[in-house]
Each structure stands twice: as C-alpha cells, then as structure tokens.
Number of protein chains: 6
Amino acid sequence: MKILLTNCNTTDSMTAAIAAQARASARPGTEIVAVTPGWGPPSCEGWYDSFLSAAAVLETVRHYPEAFDALVMAGFGEHGRQGAREILSVPVLDITEAAAHTAGLMGGRYAVVTSLAATFPLIEASLRDSGCWALCSGLYATGIEVLELDAEPDRTVARFLDEARKAVSAGADSIVLGCAGLASLHSRLDEELDVPVIDGVAAAVALAEALHQLGIHQPARPGVLAKAITERPLPGPTGGPQLGDPAASL
Amino acid sequence: MKILLTNCNTTDSMTAAIAAQARASARPGTEIVAVTPGWGPPSCEGWYDSFLSAAAVLETVRHYPEAFDALVMAGFGEHGRQGAREILSVPVLDITEAAAHTAGLMGGRYAVVTSLAATFPLIEASLRDSGCWALCSGLYATGIEVLELDAEPDRTVARFLDEARKAVSAGADSIVLGCAGLASLHSRLDEELDVPVIDGVAAAVALAEALHQLGIHQPARPGVLAKAITERPLPGPTGGPQLGDPAASL
Amino acid sequence: MKILLTNCNTTDSMTAAIAAQARASARPGTEIVAVTPGWGPPSCEGWYDSFLSAAAVLETVRHYPEAFDALVMAGFGEHGRQGAREILSVPVLDITEAAAHTAGLMGGRYAVVTSLAATFPLIEASLRDSGCWALCSGLYATGIEVLELDAEPDRTVARFLDEARKAVSAGADSIVLGCAGLASLHSRLDEELDVPVIDGVAAAVALAEALHQLGIHQPARPGVLAKAITERPLPGPTGGPQLGDPAASL
Amino acid sequence: MKILLTNCNTTDSMTAAIAAQARASARPGTEIVAVTPGWGPPSCEGWYDSFLSAAAVLETVRHYPEAFDALVMAGFGEHGRQGAREILSVPVLDITEAAAHTAGLMGGRYAVVTSLAATFPLIEASLRDSGCWALCSGLYATGIEVLELDAEPDRTVARFLDEARKAVSAGADSIVLGCAGLASLHSRLDEELDVPVIDGVAAAVALAEALHQLGIHQPARPGVLAKAITERPLPGPTGGPQLGDPAASL
Amino acid sequence: MKILLTNCNTTDSMTAAIAAQARASARPGTEIVAVTPGWGPPSCEGWYDSFLSAAAVLETVRHYPEAFDALVMAGFGEHGRQGAREILSVPVLDITEAAAHTAGLMGGRYAVVTSLAATFPLIEASLRDSGCWALCSGLYATGIEVLELDAEPDRTVARFLDEARKAVSAGADSIVLGCAGLASLHSRLDEELDVPVIDGVAAAVALAEALHQLGIHQPARPGVLAKAITERPLPGPTGGPQLGDPAASL
Amino acid sequence: MKILLTNCNTTDSMTAAIAAQARASARPGTEIVAVTPGWGPPSCEGWYDSFLSAAAVLETVRHYPEAFDALVMAGFGEHGRQGAREILSVPVLDITEAAAHTAGLMGGRYAVVTSLAATFPLIEASLRDSGCWALCSGLYATGIEVLELDAEPDRTVARFLDEARKAVSAGADSIVLGCAGLASLHSRLDEELDVPVIDGVAAAVALAEALHQLGIHQPARPGVLAKAITERPLPGPTGGPQLGDPAASL
C-alpha cells in the first residue's frame, strides 16, 4: 500500500525526520511518500499557525497528483483532519488521534508530554474532537520549543523523561509523545519507562495499515470539491489586488 | 469606534448583506468596515471549506492596513477566532460565540436553527469551544443551502419558523439563527415567536461595543507574527512549483 | 436607558460602592438606580445567606414602583436571577453570569479570585447554571471576608494579585473578580496583570446596555405574579402568629 | 426519633396530606411534626416561587422552637436544602434528593413524572446539585397543575401511568413521583407498574431514619446564625418604609 | 428482616469482621447472615481479582438455600451488583454505592480514603456506575495493603487520618472509608474529624433496612436463571478436561 | 504472530464462527487460536451472564498453556479486559473497544446496532470505560436474541439494515455491529450502506496486528498471579461443601 504523509509545517528537515520514522515502523510492502506544504509556518505552535497549516496541508493533499491508500497527517494537535475526510475516501490518520486511540487500546489512561504549555489548548481541542479526551490523565510540557527539540538531544530526552515520570506517578498508564520526528527520543523513553510509550507517527502508520487491511472507506463528499474555490492571488507587487486592500472593503 | 467585519466566504453579495445587518444594529458612533477574503470557498458548508476560510480570513486580517477597535468574524460555525486572538489585542467576536453568549445572558437554553444538517458537527464543535454547548437544547436544520437562503424568502422564513417552533415546544428558551446576512429573516421570526431570536452579527456588534466600552484587551502573542511565514506561490503556469508536485516529495 | 441595580445584602455602604462602580462604567445616557433590600443578611457568604438574599431581592424588584430597562443583580455567586426573569421582560444581568460570559467572549479560560473558599460551592453552582463552568480554570480564595475587603486595601490588592498570578501560571487566560464594589482593586489588578481582569458589575452594566441596544426581551410569565403570595407577618409581639409556632404544626 | 417536616408552600391541606404520607411510611417510634411556612406562595411552580419558598422555609426552620432529629423538606425541585444544612447539625432530607438516591440504590436509571413541563429546569437543577442527574433517564410531565392534582384523582392516575409507561419503554428502571402528598397515586402506580415507584416523602422519611440510626451529623456553621439578619418590615401602611421605595435608592 | 451479607474474598476473618460491623449498626430485629465465597481471591486489589470475585459471589448468592430480605455486598470497588439485581427481587446494596449515596444525602462532596492507589480505577468505575461520581472530590490512598490494615491498627488509623485531613482541607465535606471490616478505624476517625465519616457496611445495612421498610422491590429477570449455565469442571487430575487445554481450541 | 481468541460463552458453534471471521480478516502470517471457556453461560445477554463470563474467560486465558502475541476477547459489551491486562504483557483487544476505536479513527460518530435493548446498559458501560462513549451517536436494537441471529439470516440482515439506516439518518457516520460471528451480515451491510460498517472481531484482529507491529507491551502486574486463588470445588454430591451451604455462614 501507499501512504501519503504530510508534514504540518514548511521545514523540510522535519519532513525528512518524520518520513524516516514512518518508514521505520511501516511493514515491508508499505510505501511512504512524504510531502512538505508549499506555504505556511515553519513550525506550528499556536492557533494561528495551526489554521494556516490546515489550509496549506489540505491544498497539498487536494492537488497531490497520484493515488494513495491512506493519508497520515503529521502535526501534533494541528487542525485539518475532518477536511481531509471530506475530500478523500481512503483512511485519514491524524497523529494526535492515532496516538490517543493506540493508548486507549492499551488500556488505562495516557498522558501527553509535549514541547510548550502554549500548545495545551490546541492539543486538548484535538483530543476532545477525537473522542479520547476522557482517557487523558494530563498534559505535560518540557518547555523546549519545537525547532529546538533536536538541538540538545540529551537534554531533550532528560526533560521528556522527567515529565513522563511525573505523569506516571500521577497515574498515567501510558505516555504519548506530543511531537513528531524524534525517533531517538522514542526509543530512549521506551527503554527507560515501564509503561507503553506511543509515538503518533508510528502509531498512525500501523493503524493506516490496519484500516487498509480491513478495507474500510469513508464516503468522500463530492460536492465539496465541485465548488469553485477562489485561488489566492500572489500577494504584493507581482500579484493581484493587495490582500486586505481598503478598496476591497464595502 | 471602528469594527473590522470579515465575511468567511468570497461571495461579495453576502459581505454586503452582513455589513448592512451590522450597521443596522450598531450604535451611532460605530464605523463598520466589511471585507471579503481574497480567496477561499464561495460559501462554507463543511470542514474543508471552513479550514480554507479560516486561513483566508486570518490572512485578510493580518494584512489589513489600518487600525480598528474590534474584529467581528461573520461565519456561523466556522474556524479561526483563536488565531485572530493571537495576532490582535482588540476584542475578537465570532458570531457563533457571540450569539451563544447572548442567548446565555437571556437565561435558559437556546436552540440553533440553520441551513443544512451537514453543518451540525462544525456548529457543535464551535459551540463546545465557546464553552456554551451546555446551554444548547438542540440543533435544527431547514434543509436549505446557504446560497439558496435568499432565493425564496417566504419559503425560507416558513421553514425557519417551523423548526424554531419545534425547538420551542421541545424546551428552547431562545432561538439562535445559524446563518448570517438575513436581516428580514430575523425581523420576521422576532415578530412571530414569543422567545428571543438572536442574530449572531447583530449580537457580535453589540458585544464588540460593550467590550470596547469596558476597555478590555487580551495580550497579542508577538512571537506569532515574528515567525517567517512562507507565502503561497501562485498555482499553475504563472506561479512557482506546482502544489503537490511529486518533485516536492521526499 | 435606566438600569435597576440591586445589592444582594443590606449593607448600604456596599450598595453605594457598587453603584459608583456601575456608574463609572456606564455610557453617558445610562441612568443607574441602586437599591438595598429592606431585609436579609448584611453580607452573603453561604447558602443560607444566599437563599434569604434571593427572596429579599426578588421582593425588592417586584415592588419597585417605576419602570426600568434592565436589571443588574450584584451579588457574586448569589441566587435569584431565574426568578427575576419570570417577573420581568427586560434583560436580567447577574454579575456572576455577566463576568463569566465576558471572560468567554475574550477567549480561553477564566479563573475566579474571591474572598473565602467557603463560597466556592455557591460560585460553582452559579457558574454551572450559567452554562460557563466549562470555561473556568479554577476558583481561588484570598481568605479575606467580604466585609473586611475594604479594611486594608493594600493587603487586599496584594492577596488578589498573589492568587491571580497563581491562576495565570496554571493556565488562566483571564481573571474574574469574585466580589463587587471594589473599583480600586479592579484598576490595580488591571495594571499589574497581562491578562484581562473582569469585574462583574462593570461587565453587567456594559452587557445590559448591549442587550438593550439589541432590543431583546424575554417573555415574563404573567401567571407567576397573578398568584396570591402570602405576605410575611411581622415576627414577634407586634406581628401575627410567631413563625414556627408549634400551634402551626399539624 | 422526631422528624420536622416542612411543606414548601402555604397550602395547609397539602401540609396535611404530606404529613399523612410521612406518617404512613414512618417506623413505629418516629414522630412527624409538619409545619406550613407562615408566608410565601400557595404552590411552587417556578423559580420565583421556589426562591421565596426557600427563604420562608429556612425562616420557619430557624425559628422552630423545639429540638428534632432530622429535617424533611417536602417540595419537589425546590431550593433551600444547602441552607438548612448550614444551620442544623441533624440530617436534612430534601424529597427530590431522597427520591433520586433511593432510585440510585435500586440500580439502573430513574425517570421523573411530574405536573408541568415548566418545572423541568428546576427539577434538573435540583437533581444536578444532588449529584444524581447522571442516573436520570428523563423528565416527563402530565400537564396537570399542582393544585389540580387532587381534583380528578382518576384522570391524574391515568396521566401519570401514561407518562410512566412511556418512560419505562424508553429505558427507565424506576419511576420517581415528582410531586408530594398523593398517597393514593403512589399505591395505584405501584400496583400497575413492574418497576419500583418512588415517592420522595416516604423515601425521605425512611432515609432520615437510616441516617439517624447511623448517628451521622454534619457540622453546622455557627457563624451563619451569629450574623445579624435584618428582619423584614411589614409592607404597606402598618409597616416600615415601603419595599422598593424610591427613597431607598442611592 | 434478614440480610444476606457477602464478603468479596475468601478470607474468613474478614467475613467475621464485616459481619460484626454489620451487626453493630443493625436495628434490633435485623438478622445478619454472612457468607464467604467458596472460591476466588483472598483479597481484592485489582481488576482480575474483582472479576473472579464477582462470579464467585454471584454463584454463592444464587445457590444460597434460604430466603432473605436484602443483600449487602461487602467489597469496596468490586464488581457484581448489577448481576445480583437480575437474579433477586429484594434490594441489593453494594457498600461502595451505599457509602456514596449516604455521603450524597449528607450534602456536599465526599472523598474516599482507601488502601492502595492501584484500586483507584476500580473505585472510580464503581462510583461512576453508581451515578455518584459527580459528588466525589477525590480518591486518597494510605499505601497500606488490604490484608495489612489490621496488622498495626495505630499506624493504620494515623495514615487514614492524614489522608482524610488532606481531603478535608481540599474541600471534602465527608469522608468515605474505602475498605470494609475496620470498626475501630471508623470510630477513631469519627472522633477526630469534624465531618461525617461513612463506613460502607454500616451504611448499606441501614439503607437495606430503609428500602425494606419502604417495601420497594425490583423485578428479577426470570430468563437469566432459566438459562443452562455450564458448571465449571474441577481443574486438574480429578476433574474434566484441563482448562485452556489446546484440545479445546478450534 | 499468534493471536489467542476467546469466545465469551460456551457455545462452540459461535466460537467456530468467530474464529472463521478472525481468520478471514487476518494477514497471511497470523495464526488464530480460538478457545471456548469450559464453563459459564451459553450466551451473554445481561450483567449476570457477563460477570460469569468474565471469570470463565480470565481463567481460560490464565491456564492457556502456550505463548501468544495478543489476546482478542470476543464478546460485545462483556466484562473482563482490564483483568486480562493485569495478567498479560501482550496487547489485549476487546472487540467492543476495538470496534469503537476503529470507528473513531474513521472520523465522526458511530452507532451500535445490536441484538436486544436489554444489553444497552452493558454496552454503554463498556464504551464508557473504553473512553469512546463521547463518539457514540446511539444504540439501536433489532430485537433478535443472540442465539436466533443465525436462524433466519435474511430477516436478521433486514432488521440490522433498518436500524442502521435509522442511525445514519439520525447522524451516525459509521455503524458498529454489536455482535460477533456474523460474517455474512457484515458483508451484506457493507454493500448496502454508504458509511463504514465495522465488525469488532475483524477490527480487533487488525488492531492486534498493528500493536504487535509497533512492539508495544503493557507491564503485567506480577503480584496478581502470585496470590493464592482458592479454586472452586465441584458443586453438588461429587464435590466439596455445597456452595452457599448455611454451614459456611458465620
């Protein structure tokens, strides 16, 4: 099977890291094609970033020229999955949802350990929409920004371990990693902790394979794509009318 | 005071209708400037439309060249408000939220009467995020598409009345109109029903004035706009690389 | 417009302070008439106080001899608002509800900072009934009694600041003051904190003006006042039969 | 033991009927003393009535001159119980709570069958505060007013049976009678239905006996009664200043 | 009346202690017959134990050869009560449920103080099913295993007191003992704390008497017992086919 | 990999049907070993059945003499999974949970269509514990008993289709089959309906393969099996003391 994997941001190195993680957990016959959206924020750390990212990723998916068997959307806590389900009939796996359902299948409650506390409201909203919020024992932040996670790997692992242990002693039965693309982090935590450690990218790939195996499809809504979407003009001198141009006001 | 009013879709006639409604309910000294996003769907009737709309509206707001005292986002059940609050320090009034809080202030429970049942999940998600879902007695659909609401005004009023009466006899204490830009619908329902009928645009304008009067501001998050957003290239022959170009895959 | 403002207790100095606060936030054309109930507790700090207060305030409103355009009920966490909505068709603004809805309109979650932890159950019940409990990140108590709040203003401000900062670092996006009549407290907190600080009296006045501007009314229930209420006899020697007189038992 | 039983309204015939029901279900050694509040509404059918009733009943209890071992408050869906718990250390049994907990002890879910749908919000609020709302499968109304329940007993029984059967076929495991003082109604429904039928007065008496047997007390809050409550002056010519007298405004 | 009292485990000394506690709180005419299940775990401290215990207790009840008027199931947080209600028409009192409803009848919120934190998920599940979870302010663990509770009574009391005080200062209005058979613990805590302390066995006995007094029955489901249950063969050499024998696989 | 598959009841033909279904959806290298518990009810249609079944299945699993890589528990709405997770470190897939999580991964809300309405409380409890209750749009019953589902296949399919269509028009985005072992039912519904139709056995097998692929384990609790469980004596003449023997009472 072929899985289309979308990064939520425009940082190519993160796309590469996520793709590597996805390939490491995929079954032999599974092809992973990873794409970076052509526009949007370099990292998603809030609502503004997330809404831009959702549109950019949906456009990328819509214009992707080849067939694929499942979509994996890699952005922890980001928006967009319900839109993808309207324009596709293949399974759509968001890594936040996938991680939460995987944790649910292992029993008990999961905690999420992530980068910044500023992303808590987005993660909570995403988990609530996934239906799995009731299983979440808490959100924990390491205080390290997304683009810094890679900078000092040992410190990153140490901070994630600290927060994960705090979560476990407060009753968490599993740990969900609230970020993507950190394969070494996953394996280090897995070694050090007694409870399951769940990475959303790996989980989403395995679940995409499972849903493909089951042959389940949702109905795409043809009307959605039939609508004439006005394409965005190039902003500035070379493009059409300036966005937000007062002349555009009524 | 000056209110920036954004339509969620690219249909200019709807922007004009919404602006008229806003002006009709505004106080004498309030200036309403209405803008249509430069790209996006002609109407929002699902998740895909809504995520595109959110990004287009946020870009429109971000690039709007003049100062304003409050933002009113006119799209019932659409995404984006939390993003606007990150890039602005003035009050941000989403018409869904504004209508629900207004209904809450009148006491009891409100029902929403809207166009299509397909929008229920979006409306529910928006009301849950607003914190006012607990006050909602139910969602009711007339089965009339957004762009058809204007076509046969009498039939539209009749269908809204039917559903509103159903809601009232099932216990609703007020009716929220789940669409924007239908001033005549609002006044007709108000005449015919004993319970308060709430239009989100009017409510949002009045509440924007109230919050302005109170002098409340939220802190914008400066880091959000400091990030270098990659602008979207023009799609197709005149633009940069094709979106979703397989060459972009890793 | 004319707003009737009721204090929940019999302490005239608090009525005066609340009236001053209301007038400070009202628009030029708004008249504020403040009344003290003729009986009831000198301060409301529990369920017993609150139920007596609700009846005393409702009687005061019922017998108020002139017309008014909105009622503002000033008692944080106190009972009575649903009763007022049955006997009036003008908007009824309870300061607890008004503060919570205002916080909701600013986005995110609010914390309440109040006098004594003993009032938490009342405040929670009031916020649950308002439908805005889901937006509350927590209740915080300064440990200062209502009638002492004014005694040492600096200490009061310091304690409110401490609790508010605790709330903000635990994730609150705005602070609701859980008491009325402390204008200086409001302005001091507003200066010191980055998040919106919401005073229920000011919020209720601004929202009363907004609802009046919208022209919304709820239907009063005429049957409620048509019922023959037995007036309470004067207790003791000059009145009728002693309350709780064993002769009254069956 | 001695149980003080308060009617929520001023209708003596209802006090007598409730007292008879309480005595019929009490154990041999239990004395029931029933009191009618000296003021307040003749029946409670809404929020206004209920808040007046709560204050009148609390005053009645406060001034009751003799000792007793438990208080039973007979008013389905009415306010006041938390206030009574602050001024008493003996168990306080509200018939709404008592009926709901009894239904909970029988397992499964209960439905409430009551007089008018207008009382649903009060009943729901009372059951939510009792913590037993999660067990309620629904509220059902017969459409018969409280003071008419006695007028045509056969029609009353027939309507209650209809609604109870509707509730059972929708999944209710027991039926709670949402009114007091109708002993014949209780026995007729009990005969006709397969599921438990629970009368709040009988349940409250039995539970008062159980709590007394267990020797449980809650701590009264002495400060509550230490406060100087301003007594209400007689309204009108013979009394003090007119309630709501404009001269009383600030 | 006659109450059948089942211990959840096979430890006879605990059955004896529970029976003593039940008899101490029963009314004069109440006979308590206590039984130990003939198989199952020596103590229940997790899900596996609890499911075995539920089956063993249900078999014990089903085969109990004499009539009784109520069943009291003594196992805090253990499974089985809904099954007993299907095979019996007399009231079934689970001590977890009984304690929670008793706490609810005293008003406010209760905390549970129990042996090991490992039992929290079972206790939470049992309280959720009872409908009384909304009234629970928290679960607290002493860290002492069930079979050690008796070993050092003073240390046990001290640890329970510590946790109970923590709960009270965090807002609990009553304390539920999350274990059975410790009469001295109950009386010591009752002396030391200002809030009601509730023991599930005593509560269940008093409530069984109350429900019996009310004459309430639920309908047993005759079909349940009419089904031919395959009895379990003796495992090992003297019995039938080995459990889990690969020959039994299909 | 090797999956141990347990039927919840003692009916061998159902074990065979479930095993066939599991094998049909398994990947080539997956071995399915299906076992029937040696005792317990012939079908599970209520709480009593379910608690007996849980103990019988747990014993079967505990005594199963060979290694396996995952456990699939086939009983829709039945108890026991949390107990299995305490005694195993391999993934435990309950078909109710597995179906609900699969539905969650497809987006939107699922409805369950099952045999008898009497099983609704069990199914609801199982889905609540799974954390996926928030995604359930409703439970629907065909009114056909478990052991009759096979008797008239056409009528069974027709009734399931009716209820599934009712669910879809009430807003369900997918259908979960609330029973096991009916492969033909699954394929017929899948053909006739536009929304995903999810069979718990197939879903559990695919998810067991996914979790195995991810290499996730939960920690077994060694203490659980270290406890000395008293084995049940053979009842009646050939066994030990009669269960519930009055001599066993204290």
# chains A, B, ... in the order shown; residues from 1 in each chain; ligands from 1
>>> residues_around(residues="Ala210 in chain E", least_positions_apart="3", cutoff="8 Å", atoms="only C-alpha atoms", output="number ranges by chain")
D: 206-207, 209-210; E: 206-207, 213-214
>>> residues_around(residues="Thr10 in chain E", least_positions_apart="4", cutoff="7 Å", atoms="only C-alpha atoms", output="PyMOL selection string")
chain E and resi 36-42
>>> interface_residues(of="chain B", to="chain F", cutoff="9 Å", atoms="only C-alpha atoms", output="PyMOL selection string")
chain B and resi 117-118+121
>>> write_last_selection(atoms="C-alpha atoms", output="compact mmCIF listing (two decimals), in the first residue's frame")
# COMPACT_ATOMS: atom_id res chain seq x y z
CA ALA B 117 -27.69 19.25 8.91
CA ALA B 118 -24.25 18.70 7.39
CA PRO B 121 -20.71 18.86 13.61
>>> residues_around(residues="Ala67 in chain D", least_positions_apart="3", cutoff="10 Å", atoms="only C-alpha atoms", output="MDAnalysis selection string")
chainID D and resid 2:4 64 70 90
>>> residues_around(residues="Gln218 in chain E", least_positions_apart="2", cutoff="10 Å", atoms="only C-alpha atoms", output="ChimeraX atom specification")
/D:106-107,173-174,194-197 /E:85-86,88-92,216,220-221
>>> residues_around(residues="Leu52 in chain B", least_positions_apart="6", cutoff="9 Å", atoms="only C-alpha atoms", output="compact mmCIF listing (two decimals) with C-alpha atoms, in the first residue's frame")
# COMPACT_ATOMS: atom_id res chain seq x y z
CA PHE A 51 -5.19 27.26 10.92
CA LEU A 52 -2.71 28.33 8.23
CA ALA A 54 -4.55 23.17 7.94
CA ALA A 55 -5.34 25.09 4.75
CA ALA A 56 -1.86 24.58 3.31
CA LEU A 58 -5.43 20.43 2.63
CA GLU A 59 -4.39 22.21 -0.57
CA TRP B 39 -9.51 33.65 -1.85
CA GLY B 40 -11.34 30.63 -0.43
CA PRO B 41 -14.74 29.00 -0.87
>>> select_by_dssp(residues="range 90-163 of chain A", states="strand (DSSP E)", output="ChimeraX atom specification")
/A:92-94,110-114,136-141
>>> write_last_selection(atoms="C-alpha atoms", output="compact mmCIF listing (two decimals), in the first residue's frame")
# COMPACT_ATOMS: atom_id res chain seq x y z
CA VAL A 92 -7.15 9.66 7.15
CA LEU A 93 -4.90 9.24 10.18
CA ASP A 94 -4.02 12.29 12.23
CA TYR A 110 -2.44 8.19 28.83
CA ALA A 111 -0.53 11.39 29.47
CA VAL A 112 0.82 13.61 26.69
CA VAL A 113 4.33 15.04 27.06
CA THR A 114 4.98 17.85 24.63
CA CYS A 136 -6.18 11.59 29.06
CA SER A 137 -4.73 11.87 32.57
CA GLY A 138 -2.94 15.15 31.85
CA LEU A 139 -0.79 17.26 29.56
CA TYR A 140 2.85 17.89 30.45
CA ALA A 141 5.28 20.38 28.90
>>> select_by_dssp(residues="range 28-166 of chain A", states="alpha helix (DSSP H)", output="ChimeraX atom specification")
/A:47-63,81-87,95-105,120-130,153-166
>>> write_last_selection(atoms="C-alpha atoms", output="PDB file, in the first residue's frame")
ATOM      1  CA  TRP A  47      -3.833  28.559  16.774  1.00  0.00           C
ATOM      2  CA  TYR A  48      -2.743  30.992  14.064  1.00  0.00           C
ATOM      3  CA  ASP A  49      -0.034  28.640  12.848  1.00  0.00           C
ATOM      4  CA  SER A  50      -2.412  25.706  13.013  1.00  0.00           C
ATOM      5  CA  PHE A  51      -5.186  27.261  10.921  1.00  0.00           C
ATOM      6  CA  LEU A  52      -2.707  28.328   8.233  1.00  0.00           C
ATOM      7  CA  SER A  53      -1.165  24.875   8.308  1.00  0.00           C
ATOM      8  CA  ALA A  54      -4.549  23.174   7.939  1.00  0.00           C
ATOM      9  CA  ALA A  55      -5.340  25.088   4.752  1.00  0.00           C
ATOM     10  CA  ALA A  56      -1.855  24.580   3.309  1.00  0.00           C
ATOM     11  CA  VAL A  57      -1.915  20.840   4.033  1.00  0.00           C
ATOM     12  CA  LEU A  58      -5.434  20.432   2.630  1.00  0.00           C
ATOM     13  CA  GLU A  59      -4.394  22.210  -0.569  1.00  0.00           C
ATOM     14  CA  THR A  60      -1.310  19.993  -0.808  1.00  0.00           C
ATOM     15  CA  VAL A  61      -3.447  16.890  -0.424  1.00  0.00           C
ATOM     16  CA  ARG A  62      -6.072  18.117  -2.852  1.00  0.00           C
ATOM     17  CA  HIS A  63      -3.535  18.815  -5.570  1.00  0.00           C
ATOM     18  CA  ARG A  81      -8.228  16.064   9.501  1.00  0.00           C
ATOM     19  CA  GLN A  82     -12.009  16.423   9.162  1.00  0.00           C
ATOM     20  CA  GLY A  83     -11.458  18.446   5.986  1.00  0.00           C
ATOM     21  CA  ALA A  84      -9.278  15.726   4.516  1.00  0.00           C
ATOM     22  CA  ARG A  85     -12.005  13.164   5.225  1.00  0.00           C
ATOM     23  CA  GLU A  86     -14.428  15.202   3.128  1.00  0.00           C
ATOM     24  CA  ILE A  87     -12.202  15.159   0.043  1.00  0.00           C
ATOM     25  CA  ILE A  95      -1.082  11.519  14.501  1.00  0.00           C
ATOM     26  CA  THR A  96      -2.768  13.052  17.557  1.00  0.00           C
ATOM     27  CA  GLU A  97      -5.856  10.907  17.124  1.00  0.00           C
ATOM     28  CA  ALA A  98      -3.829   7.837  16.209  1.00  0.00           C
ATOM     29  CA  ALA A  99      -1.673   8.131  19.315  1.00  0.00           C
ATOM     30  CA  ALA A 100      -4.685   8.617  21.566  1.00  0.00           C
ATOM     31  CA  HIS A 101      -6.598   5.645  20.133  1.00  0.00           C
ATOM     32  CA  THR A 102      -3.479   3.483  20.395  1.00  0.00           C
ATOM     33  CA  ALA A 103      -3.099   4.478  24.018  1.00  0.00           C
ATOM     34  CA  GLY A 104      -6.784   3.659  24.520  1.00  0.00           C
ATOM     35  CA  LEU A 105      -6.287   0.190  23.057  1.00  0.00           C
ATOM     36  CA  PHE A 120      -2.086  22.635  25.548  1.00  0.00           C
ATOM     37  CA  PRO A 121      -5.327  24.262  24.375  1.00  0.00           C
ATOM     38  CA  LEU A 122      -4.785  23.010  20.817  1.00  0.00           C
ATOM     39  CA  ILE A 123      -3.895  19.512  21.970  1.00  0.00           C
ATOM     40  CA  GLU A 124      -6.883  19.403  24.299  1.00  0.00           C
ATOM     41  CA  ALA A 125      -9.180  20.563  21.488  1.00  0.00           C
ATOM     42  CA  SER A 126      -7.766  17.943  19.131  1.00  0.00           C
ATOM     43  CA  LEU A 127      -8.135  15.175  21.713  1.00  0.00           C
ATOM     44  CA  ARG A 128     -11.661  16.263  22.579  1.00  0.00           C
ATOM     45  CA  ASP A 129     -12.633  16.099  18.909  1.00  0.00           C
ATOM     46  CA  SER A 130     -11.017  12.667  18.700  1.00  0.00           C
ATOM     47  CA  PRO A 153      19.179  15.620  22.262  1.00  0.00           C
ATOM     48  CA  ASP A 154      20.356  14.584  25.737  1.00  0.00           C
ATOM     49  CA  ARG A 155      18.687  17.491  27.445  1.00  0.00           C
ATOM     50  CA  THR A 156      15.536  16.845  25.416  1.00  0.00           C
ATOM     51  CA  VAL A 157      15.449  13.194  26.472  1.00  0.00           C
ATOM     52  CA  ALA A 158      16.103  14.143  30.095  1.00  0.00           C
ATOM     53  CA  ARG A 159      13.269  16.679  30.147  1.00  0.00           C
ATOM     54  CA  PHE A 160      10.820  14.264  28.499  1.00  0.00           C
ATOM     55  CA  LEU A 161      11.808  11.566  30.991  1.00  0.00           C
ATOM     56  CA  ASP A 162      11.245  13.919  33.922  1.00  0.00           C
ATOM     57  CA  GLU A 163       7.782  14.872  32.758  1.00  0.00           C
ATOM     58  CA  ALA A 164       6.870  11.308  31.808  1.00  0.00           C
ATOM     59  CA  ARG A 165       7.846  10.054  35.267  1.00  0.00           C
ATOM     60  CA  LYS A 166       5.795  12.814  36.854  1.00  0.00           C
TER      61      LYS A 166
END
>>> atom_distance(atom1="CA of Cys44 in chain E", atom2="CA of Met73 in chain F")
22.8 Å
>>> atom_distance(atom1="CA of Val168 in chain A", atom2="CA of Leu189 in chain A")
12.6 Å
>>> decode(residues="range 161-174 of chain C", atoms="N, CA and C atoms", output="tab-separated table (two decimals), in the first residue's frame")
chain	number	residue	atom	x	y	z
C	161	LEU	N	-3.64	39.80	43.94
C	161	LEU	CA	-2.58	39.66	42.95
C	161	LEU	C	-1.90	38.30	43.05
C	162	ASP	N	-1.60	37.90	44.29
C	162	ASP	CA	-0.96	36.59	44.50
C	162	ASP	C	-1.79	35.47	43.88
C	163	GLU	N	-3.08	35.47	44.21
C	163	GLU	CA	-3.94	34.38	43.73
C	163	GLU	C	-4.12	34.46	42.21
C	164	ALA	N	-4.23	35.68	41.70
C	164	ALA	CA	-4.41	35.84	40.26
C	164	ALA	C	-3.17	35.33	39.51
C	165	ARG	N	-2.00	35.63	40.04
C	165	ARG	CA	-0.77	35.16	39.38
C	165	ARG	C	-0.68	33.65	39.42
C	166	LYS	N	-1.08	33.07	40.56
C	166	LYS	CA	-1.12	31.61	40.66
C	166	LYS	C	-2.04	31.04	39.55
C	167	ALA	N	-3.18	31.68	39.40
C	167	ALA	CA	-4.15	31.22	38.40
C	167	ALA	C	-3.58	31.34	36.99
C	168	VAL	N	-2.91	32.46	36.71
C	168	VAL	CA	-2.37	32.66	35.36
C	168	VAL	C	-1.27	31.64	35.08
C	169	SER	N	-0.44	31.38	36.07
C	169	SER	CA	0.63	30.42	35.75
C	169	SER	C	0.06	29.00	35.65
C	170	ALA	N	-1.12	28.77	36.18
C	170	ALA	CA	-1.77	27.47	36.00
C	170	ALA	C	-2.63	27.45	34.73
C	171	GLY	N	-2.57	28.50	33.92
C	171	GLY	CA	-3.23	28.43	32.61
C	171	GLY	C	-4.41	29.36	32.40
C	172	ALA	N	-4.79	30.17	33.38
C	172	ALA	CA	-5.94	31.05	33.17
C	172	ALA	C	-5.60	32.14	32.15
C	173	ASP	N	-6.55	32.41	31.25
C	173	ASP	CA	-6.36	33.46	30.24
C	173	ASP	C	-7.00	34.78	30.66
C	174	SER	N	-7.83	34.75	31.69
C	174	SER	CA	-8.38	35.99	32.23
C	174	SER	C	-8.76	35.75	33.68
